[in-house]
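Asker: Structure supplied as start.txt; contents: compact mmCIF, C-alpha atoms.
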# COMPACT_ATOMS: atom_id res chain seq x y z
CA PRO A 48 -11.52 27.45 -33.21
CA GLN A 49 -11.71 29.18 -36.54
CA GLY A 50 -11.73 27.32 -39.85
CA THR A 51 -12.70 23.90 -38.53
CA ARG A 52 -14.52 21.17 -40.43
CA PRO A 53 -16.14 17.90 -39.43
CA LEU A 54 -14.20 14.71 -39.99
CA ALA A 55 -17.10 13.00 -41.73
CA GLY A 56 -19.70 14.52 -44.00
CA ALA A 57 -19.52 17.87 -45.78
CA ARG A 58 -16.05 19.18 -46.66
CA SER A 59 -16.91 22.87 -46.57
CA PRO A 60 -15.36 24.73 -43.58
CA HIS A 61 -17.57 26.31 -41.00
CA ALA A 62 -16.59 28.80 -38.35
CA THR A 63 -16.95 28.16 -34.66
CA ARG A 64 -15.60 30.14 -31.76
CA GLY A 65 -14.36 28.83 -28.44
CA HIS A 66 -13.16 30.44 -25.23
CA GLY A 67 -9.70 31.99 -25.17
CA ASN A 68 -9.09 32.14 -28.96
CA LEU A 69 -8.09 28.50 -29.33
CA LEU A 70 -5.40 28.16 -32.00
CA HIS A 71 -4.69 31.87 -32.37
CA GLY A 72 -4.98 33.13 -35.92
CA ALA A 73 -6.63 31.84 -39.10
CA VAL A 74 -6.04 28.18 -38.46
CA ASN A 75 -6.84 25.24 -40.71
CA ALA A 76 -7.00 22.72 -37.88
CA LEU A 77 -9.76 20.27 -38.63
CA CYS A 78 -12.53 19.17 -36.32
CA TRP A 79 -12.75 15.44 -35.72
CA GLY A 80 -16.46 15.42 -35.01
CA PRO A 81 -19.09 16.88 -32.73
CA PRO A 82 -18.66 17.18 -28.98
CA MET A 83 -18.74 13.91 -27.12
CA ALA A 84 -22.24 12.53 -26.61
CA SER A 85 -23.31 9.65 -24.42
CA SER A 86 -24.73 7.86 -27.44
CA HIS A 87 -21.52 7.81 -29.51
CA GLU A 88 -20.15 4.36 -30.23
CA PRO A 89 -17.06 3.65 -28.09
CA PHE A 90 -13.87 2.47 -29.76
CA LEU A 91 -12.04 1.43 -26.59
CA SER A 92 -13.19 -1.04 -23.99
CA ALA A 93 -13.77 0.04 -20.39
CA GLU A 94 -10.63 -1.90 -19.44
CA GLN A 95 -8.53 -0.03 -22.01
CA VAL A 96 -9.82 3.34 -20.83
CA ALA A 97 -9.01 2.40 -17.23
CA ALA A 98 -5.51 1.26 -18.25
CA PHE A 99 -4.85 4.58 -20.00
CA HIS A 100 -5.90 6.59 -16.97
CA ARG A 101 -3.81 4.35 -14.69
CA ASP A 102 -0.62 4.26 -16.79
CA GLY A 103 -0.82 7.38 -18.94
CA PHE A 104 -0.43 5.45 -22.19
CA LEU A 105 -2.03 2.67 -24.18
CA VAL A 106 -0.68 0.32 -26.87
CA LEU A 107 -3.01 -0.92 -29.62
CA PRO A 108 -2.71 -2.72 -32.96
CA PHE A 109 -4.15 -0.22 -35.43
CA TRP A 110 -2.99 0.18 -39.05
CA ASP A 111 -2.75 -2.66 -41.56
CA ASP A 112 0.21 -3.19 -43.89
CA THR A 113 -1.56 -1.42 -46.76
CA THR A 114 -1.90 1.82 -44.81
CA VAL A 115 1.67 1.65 -43.53
CA ASP A 116 3.03 1.01 -47.02
CA GLU A 117 0.97 3.89 -48.44
CA LEU A 118 2.31 6.37 -45.88
CA ARG A 119 5.91 5.30 -46.40
CA ALA A 120 5.55 5.56 -50.17
CA SER A 121 3.93 8.97 -49.78
CA ILE A 122 6.78 10.34 -47.67
CA ARG A 123 9.26 9.18 -50.31
CA ASP A 124 7.27 11.18 -52.87
CA VAL A 125 7.35 14.23 -50.60
CA MET A 126 11.11 13.95 -50.21
CA ARG A 127 11.69 13.65 -53.96
CA THR A 128 10.12 17.08 -54.49
CA PHE A 129 12.14 18.85 -51.79
CA ARG A 130 15.26 20.98 -52.33
CA PHE A 131 17.38 19.91 -49.37
CA GLY A 132 20.05 22.51 -50.00
CA GLU A 133 17.65 25.28 -48.99
CA VAL A 134 17.22 24.03 -45.39
CA ASP A 135 19.61 24.40 -42.46
CA SER A 136 17.29 23.78 -39.50
CA VAL A 137 18.32 21.07 -37.03
CA PHE A 138 15.86 19.38 -34.67
CA THR A 139 16.50 18.48 -31.04
CA THR A 140 14.09 18.28 -28.11
CA ASP A 141 16.06 20.28 -25.56
CA ASP A 142 17.18 23.51 -27.21
CA GLN A 143 15.47 26.89 -27.32
CA ARG A 144 14.70 27.28 -30.99
CA SER A 145 14.84 30.69 -32.59
CA ASP A 146 15.08 30.13 -36.35
CA ALA A 147 12.22 31.51 -38.41
CA TYR A 148 11.94 28.31 -40.45
CA PHE A 149 10.92 26.34 -37.35
CA LEU A 150 8.55 29.03 -36.09
CA ARG A 151 6.74 29.08 -39.46
CA SER A 152 6.48 25.29 -39.74
CA GLY A 153 3.11 24.89 -38.00
CA GLY A 154 1.23 25.24 -41.29
CA ASN A 155 3.81 23.73 -43.64
CA VAL A 156 5.56 20.56 -44.69
CA SER A 157 9.02 21.41 -43.34
CA PHE A 158 12.25 19.41 -43.10
CA PHE A 159 14.66 19.22 -40.15
CA TRP A 160 18.15 17.70 -40.08
CA GLU A 161 19.58 15.24 -37.59
CA LYS A 162 21.91 16.97 -35.15
CA ASP A 163 24.68 14.41 -35.68
CA ALA A 164 24.43 14.24 -39.47
CA THR A 165 27.64 15.50 -41.06
CA PRO A 166 27.74 18.05 -43.92
CA GLU A 167 28.90 15.20 -46.15
CA GLN A 168 25.89 13.08 -45.20
CA ARG A 169 23.56 15.99 -45.86
CA ALA A 170 25.07 16.52 -49.30
CA ASP A 171 25.52 12.90 -50.40
CA ALA A 172 22.53 11.13 -48.85
CA PRO A 173 20.10 13.73 -47.49
CA GLU A 174 17.31 11.17 -47.24
CA LEU A 175 19.38 9.43 -44.53
CA ALA A 176 20.22 12.65 -42.65
CA ILE A 177 16.69 14.04 -42.11
CA ASN A 178 15.37 13.85 -38.55
CA LYS A 179 11.72 14.64 -39.23
CA ILE A 180 9.17 16.30 -41.49
CA GLY A 181 6.40 18.42 -39.95
CA HIS A 182 4.11 19.90 -38.87
CA ALA A 183 1.03 19.89 -41.14
CA LEU A 184 1.24 16.59 -43.03
CA HIS A 185 -2.23 15.72 -41.75
CA ASP A 186 -3.75 18.66 -43.65
CA LEU A 187 -1.48 19.05 -46.68
CA VAL A 188 -0.61 15.51 -47.86
CA PRO A 189 -3.67 13.48 -48.93
CA SER A 190 -2.50 10.05 -47.75
CA PHE A 191 -1.66 11.42 -44.29
CA SER A 192 -4.95 13.30 -44.18
CA ARG A 193 -6.88 10.10 -44.89
CA ALA A 194 -5.01 8.22 -42.17
CA SER A 195 -5.17 11.05 -39.64
CA TYR A 196 -8.89 11.61 -39.97
CA ASP A 197 -9.78 7.94 -39.61
CA PRO A 198 -13.09 8.05 -37.68
CA ARG A 199 -11.75 5.44 -35.26
CA LEU A 200 -9.29 8.03 -33.95
CA GLY A 201 -12.04 10.52 -33.22
CA ARG A 202 -13.93 7.85 -31.30
CA LEU A 203 -10.78 6.88 -29.40
CA ALA A 204 -10.07 10.49 -28.44
CA ARG A 205 -13.60 11.01 -27.18
CA ASP A 206 -13.36 7.76 -25.18
CA LEU A 207 -10.39 9.33 -23.40
CA GLY A 208 -12.16 12.57 -22.59
CA VAL A 209 -11.30 14.82 -25.55
CA ALA A 210 -14.82 15.99 -26.31
CA ARG A 211 -14.10 17.81 -29.59
CA PRO A 212 -10.76 16.50 -30.89
CA LEU A 213 -8.87 18.80 -33.28
CA ALA A 214 -5.76 17.69 -35.14
CA VAL A 215 -3.15 20.43 -34.69
CA GLN A 216 0.29 18.94 -35.37
CA SER A 217 1.82 15.99 -37.20
CA MET A 218 5.37 14.71 -37.75
CA TYR A 219 7.05 11.97 -39.75
CA ILE A 220 10.04 10.85 -37.67
CA PHE A 221 12.82 8.85 -39.37
CA LYS A 222 15.08 7.80 -36.47
CA GLN A 223 17.85 7.20 -38.99
CA PRO A 224 20.29 4.28 -38.62
CA GLY A 225 23.42 5.31 -36.76
CA VAL A 226 22.59 9.03 -36.49
CA GLY A 227 18.96 8.94 -35.29
CA GLY A 228 19.26 11.16 -32.24
CA ALA A 229 17.98 10.52 -28.73
CA VAL A 230 14.73 12.24 -27.77
CA ASN A 231 15.13 13.41 -24.19
CA ALA A 232 12.46 12.76 -21.57
CA HIS A 233 9.58 15.16 -22.08
CA GLN A 234 5.82 15.67 -21.85
CA ASP A 235 3.76 16.53 -24.92
CA GLY A 236 1.66 18.99 -22.93
CA ALA A 237 4.73 21.20 -22.54
CA PHE A 238 4.82 21.82 -26.30
CA LEU A 239 1.08 21.83 -27.11
CA TYR A 240 -0.23 23.50 -23.99
CA THR A 241 -3.93 24.12 -23.41
CA GLU A 242 -5.84 25.43 -20.41
CA PRO A 243 -6.98 23.04 -19.06
CA GLN A 244 -4.57 20.48 -20.43
CA SER A 245 -6.12 18.42 -23.23
CA CYS A 246 -3.37 17.33 -25.67
CA LEU A 247 -3.43 13.68 -26.71
CA GLY A 248 -0.45 12.14 -28.52
CA LEU A 249 -0.95 9.43 -31.15
CA TRP A 250 2.33 7.69 -32.08
CA PHE A 251 2.18 5.18 -34.95
CA ALA A 252 5.01 2.72 -35.64
CA LEU A 253 5.72 2.55 -39.38
CA GLU A 254 8.54 0.06 -38.83
CA ASP A 255 9.13 -2.53 -36.12
CA ALA A 256 10.47 -0.67 -33.08
CA SER A 257 13.00 -2.29 -30.74
CA VAL A 258 15.42 -0.98 -28.14
CA ALA A 259 18.22 -1.35 -30.69
CA ASN A 260 16.68 1.03 -33.22
CA GLY A 261 15.26 3.53 -30.75
CA ALA A 262 11.92 2.31 -29.38
CA LEU A 263 9.86 4.50 -27.09
CA PHE A 264 10.25 4.33 -23.31
CA VAL A 265 7.34 5.52 -21.14
CA VAL A 266 7.21 6.07 -17.37
CA PRO A 267 3.88 4.54 -16.23
CA GLY A 268 1.88 6.75 -13.90
CA SER A 269 4.09 9.82 -14.38
CA HIS A 270 1.13 11.73 -15.83
CA ARG A 271 -0.36 12.06 -12.35
CA GLU A 272 2.25 14.73 -11.53
CA GLY A 273 0.97 17.08 -14.25
CA VAL A 274 2.91 18.99 -16.89
CA ALA A 275 6.07 20.43 -15.33
CA ARG A 276 6.86 23.33 -17.68
CA ARG A 277 6.02 24.98 -20.98
CA PHE A 278 7.80 25.49 -24.30
CA ARG A 279 6.56 28.86 -25.56
CA ARG A 280 7.37 31.93 -27.61
CA THR A 281 9.24 34.73 -25.89
CA ALA A 282 7.78 38.21 -25.53
CA SER A 283 9.65 39.24 -28.70
CA ASP A 284 7.71 36.53 -30.61
CA ASP A 285 10.77 35.56 -32.68
CA ALA A 286 12.31 33.00 -30.32
CA THR A 287 11.23 30.31 -27.87
CA GLU A 288 12.00 29.38 -24.29
CA PHE A 289 11.18 26.83 -21.61
CA GLN A 290 9.34 28.20 -18.59
CA PRO A 291 10.63 27.58 -16.01
CA ALA A 292 14.05 27.44 -17.65
CA GLU A 293 15.54 24.83 -15.33
CA PRO A 294 15.49 21.27 -16.79
CA VAL A 295 13.29 18.76 -14.98
CA GLU A 296 15.05 15.80 -13.37
CA TRP A 297 12.55 12.99 -13.80
CA ASP A 298 12.89 9.60 -12.16
CA LEU A 299 13.26 7.29 -15.16
CA SER A 300 14.02 4.15 -13.18
CA ARG A 301 10.50 2.81 -13.76
CA ALA A 302 10.50 3.50 -17.49
CA ARG A 303 8.96 0.73 -19.57
CA LYS A 304 10.25 -0.08 -23.05
CA VAL A 305 7.57 -0.13 -25.75
CA GLU A 306 8.84 -2.54 -28.40
CA VAL A 307 6.11 -2.89 -31.02
CA PRO A 308 5.55 -4.14 -34.58
CA ARG A 309 4.75 -1.75 -37.38
CA GLY A 310 1.14 -0.62 -37.52
CA THR A 311 0.95 -0.25 -33.72
CA LEU A 312 -0.57 2.86 -32.13
CA VAL A 313 0.80 4.18 -28.82
CA VAL A 314 -1.58 6.69 -27.21
CA LEU A 315 0.15 9.19 -24.88
CA HIS A 316 -1.37 11.35 -22.14
CA ASN A 317 -0.25 15.00 -22.29
CA ALA A 318 1.69 14.67 -19.01
CA VAL A 319 3.19 11.18 -19.31
CA VAL A 320 7.00 11.25 -19.43
CA HIS A 321 8.46 9.46 -22.45
CA PHE A 322 11.71 9.35 -24.39
CA SER A 323 13.83 7.29 -26.77
CA HIS A 324 17.52 6.54 -27.06
CA GLN A 325 19.74 7.11 -30.06
CA ASN A 326 19.40 4.61 -32.87
CA THR A 327 22.74 2.83 -32.89
CA SER A 328 21.57 0.01 -35.16
CA SER A 329 21.71 -0.38 -38.92
CA ARG A 330 17.88 -0.19 -39.17
CA SER A 331 15.74 2.92 -39.24
CA ARG A 332 12.67 3.32 -37.02
CA HIS A 333 10.10 5.34 -38.93
CA ALA A 334 7.08 6.64 -37.02
CA TYR A 335 4.21 9.07 -37.56
CA THR A 336 2.92 11.21 -34.72
CA LEU A 337 -0.32 13.15 -34.57
CA HIS A 338 -1.37 15.46 -31.76
CA VAL A 339 -4.92 16.53 -30.98
CA VAL A 340 -6.35 19.04 -28.54
CA ASP A 341 -9.87 19.67 -27.31
CA GLY A 342 -11.75 22.39 -29.17
CA SER A 343 -14.62 22.49 -26.71
CA GLU A 344 -15.96 25.68 -25.18
CA GLY A 345 -13.85 26.51 -22.13
CA VAL A 346 -10.54 25.14 -23.49
CA SER A 347 -7.99 27.75 -24.57
CA PHE A 348 -4.77 27.56 -26.57
CA PRO A 349 -2.56 30.42 -25.29
CA ARG A 350 -1.30 32.98 -27.79
CA ASP A 351 2.32 32.38 -26.77
CA ASN A 352 2.34 28.70 -27.77
CA TRP A 353 5.06 28.08 -30.34
CA LEU A 354 2.68 26.45 -32.83
CA ARG A 355 0.93 28.86 -35.18
CA ARG A 356 -0.69 28.45 -38.56
CA PRO A 357 -0.99 31.24 -41.13
Produce structure tokens that represent the structure in this file.
Answerer:
Amino acid sequence: PQGTRPLAGARSPHATRGHGNLLHGAVNALCWGPPMASSHEPFLSAEQVAAFHRDGFLVLPFWDDTTVDELRASIRDVMRTFRFGEVDSVFTTDDQRSDAYFLRSGGNVSFFWEKDATPEQRADAPELAINKIGHALHDLVPSFSRASYDPRLGRLARDLGVARPLAVQSMYIFKQPGVGGAVNAHQDGAFLYTEPQSCLGLWFALEDASVANGALFVVPGSHREGVARRFRRTASDDATEFQPAEPVEWDLSRARKVEVPRGTLVVLHNAVVHFSHQNTSSRSRHAYTLHVVDGSEGVSFPRDNWLRRP
């Protein structure tokens, strides 16, 4: 990938080139360290690695209260500087997005409304009507950059087979009280597709997550079926589509609720099926998600992926 830098050590960028033009364009994705070596210090135990490969996800205590408080304070600062009246983009997980604001958001700090937020809510209390902020917090906001490039995460990713982990997308998700929309069952590898598949999802609870306020549900073992379809740009390059177009009917009867305290990390395989219900409670459920892909030689990031960075 072009424009990468090591997580630790010198800050100056250095150019590397991988197979298939990973992350098409002049990308500022950052390298989380050198390719995996047998001598690197593991972060996960052998039992945890085995559990991840068996279930497709892993739940770990990770961030302390200080880090969580810093990130929540930082997102409040970001929101205070934003002109909400200039945005009309709504986020859902099942539509075929075509607005230019979304398609340009890969290298920005962009704001997306809740689908069920009313015009009055947007005008009177926009901070309670925002669905998420993305998709480059990890590069553009210092507190999120510090948290995202924690060396422990690079070690964790390498433990799970991502030899050269690159951070490519981040989101702050609000899951607002009352209007926090459901996130339909999906696989992260559909949206951040590599050949071969390498995406790893890192989901951090910034508030206690329960079923009432929209906790994650994960289907253990569903990753063994592989990624079912892709979310990509159309040939015109100004819209997106699912391929194949037909929705996937997953068996969710075995889904396991993931109720966790704030500071918890949920690690998600690229093909594991996961979802969350609408937040019908009076409490929000803030979370931060970070996605990494493998920048090793032989891994490609197709040019028609929706995510681009200028």
Asker: Return the single residue from A:Gly201, A:Pro243, A:Gly153, A:Gly227 that is closest to Arg355 of chain A, with distances computed using all atoms listed in the file.
Answerer: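 Ranked by minimum distance to Arg355 of chain A, first place goes to A:Gly153.
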Asker: If you measure from atom CA of His338 of chain A to atom CA of Arg280 of chain A, what distance in Å do you get, rounded to one decimal?
Answerer: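 Atom CA of His338 of chain A sits 19.1 Å away from atom CA of Arg280 of chain A.
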Asker: Have a look at A:Leu203, A:Val215, A:Leu150, A:Ala237 and name the one nearest to Asp284 of chain A; count only C-alpha atoms.
Answerer: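 The answer is A:Leu150, which sits nearest to Asp284 of chain A.
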Asker: In Å, with one decimal, what is the gap from atom CA of Ala194 of chain A to atom CA of Thr114 of chain A?
Answerer: 7.6 Å
Asker: Tell me which residues come within 10 Å of (11.5, 5.0, -35.8), as a PyMOL selection string, counting only C-alpha atoms in the file's coordinates.
Answerer: chain A and resi 219-224+227+251-257+260-263+309+323+326+330-335
Asker: From the list A:Ala275, A:Val188, A:Ala164, A:Val319, which residue is nearest Leu118 of chain A when using only C-alpha atoms?
Answerer: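 Closest to Leu118 of chain A of all the choices is A:Val188.
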Asker: In Å, rounded to a single decimal, give me how far atom CA of Asp235 of chain A is from atom CA of Ala210 of chain A.
Answerer: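 Going from atom CA of Ala210 of chain A over to atom CA of Asp235 of chain A, I get 18.6 Å.
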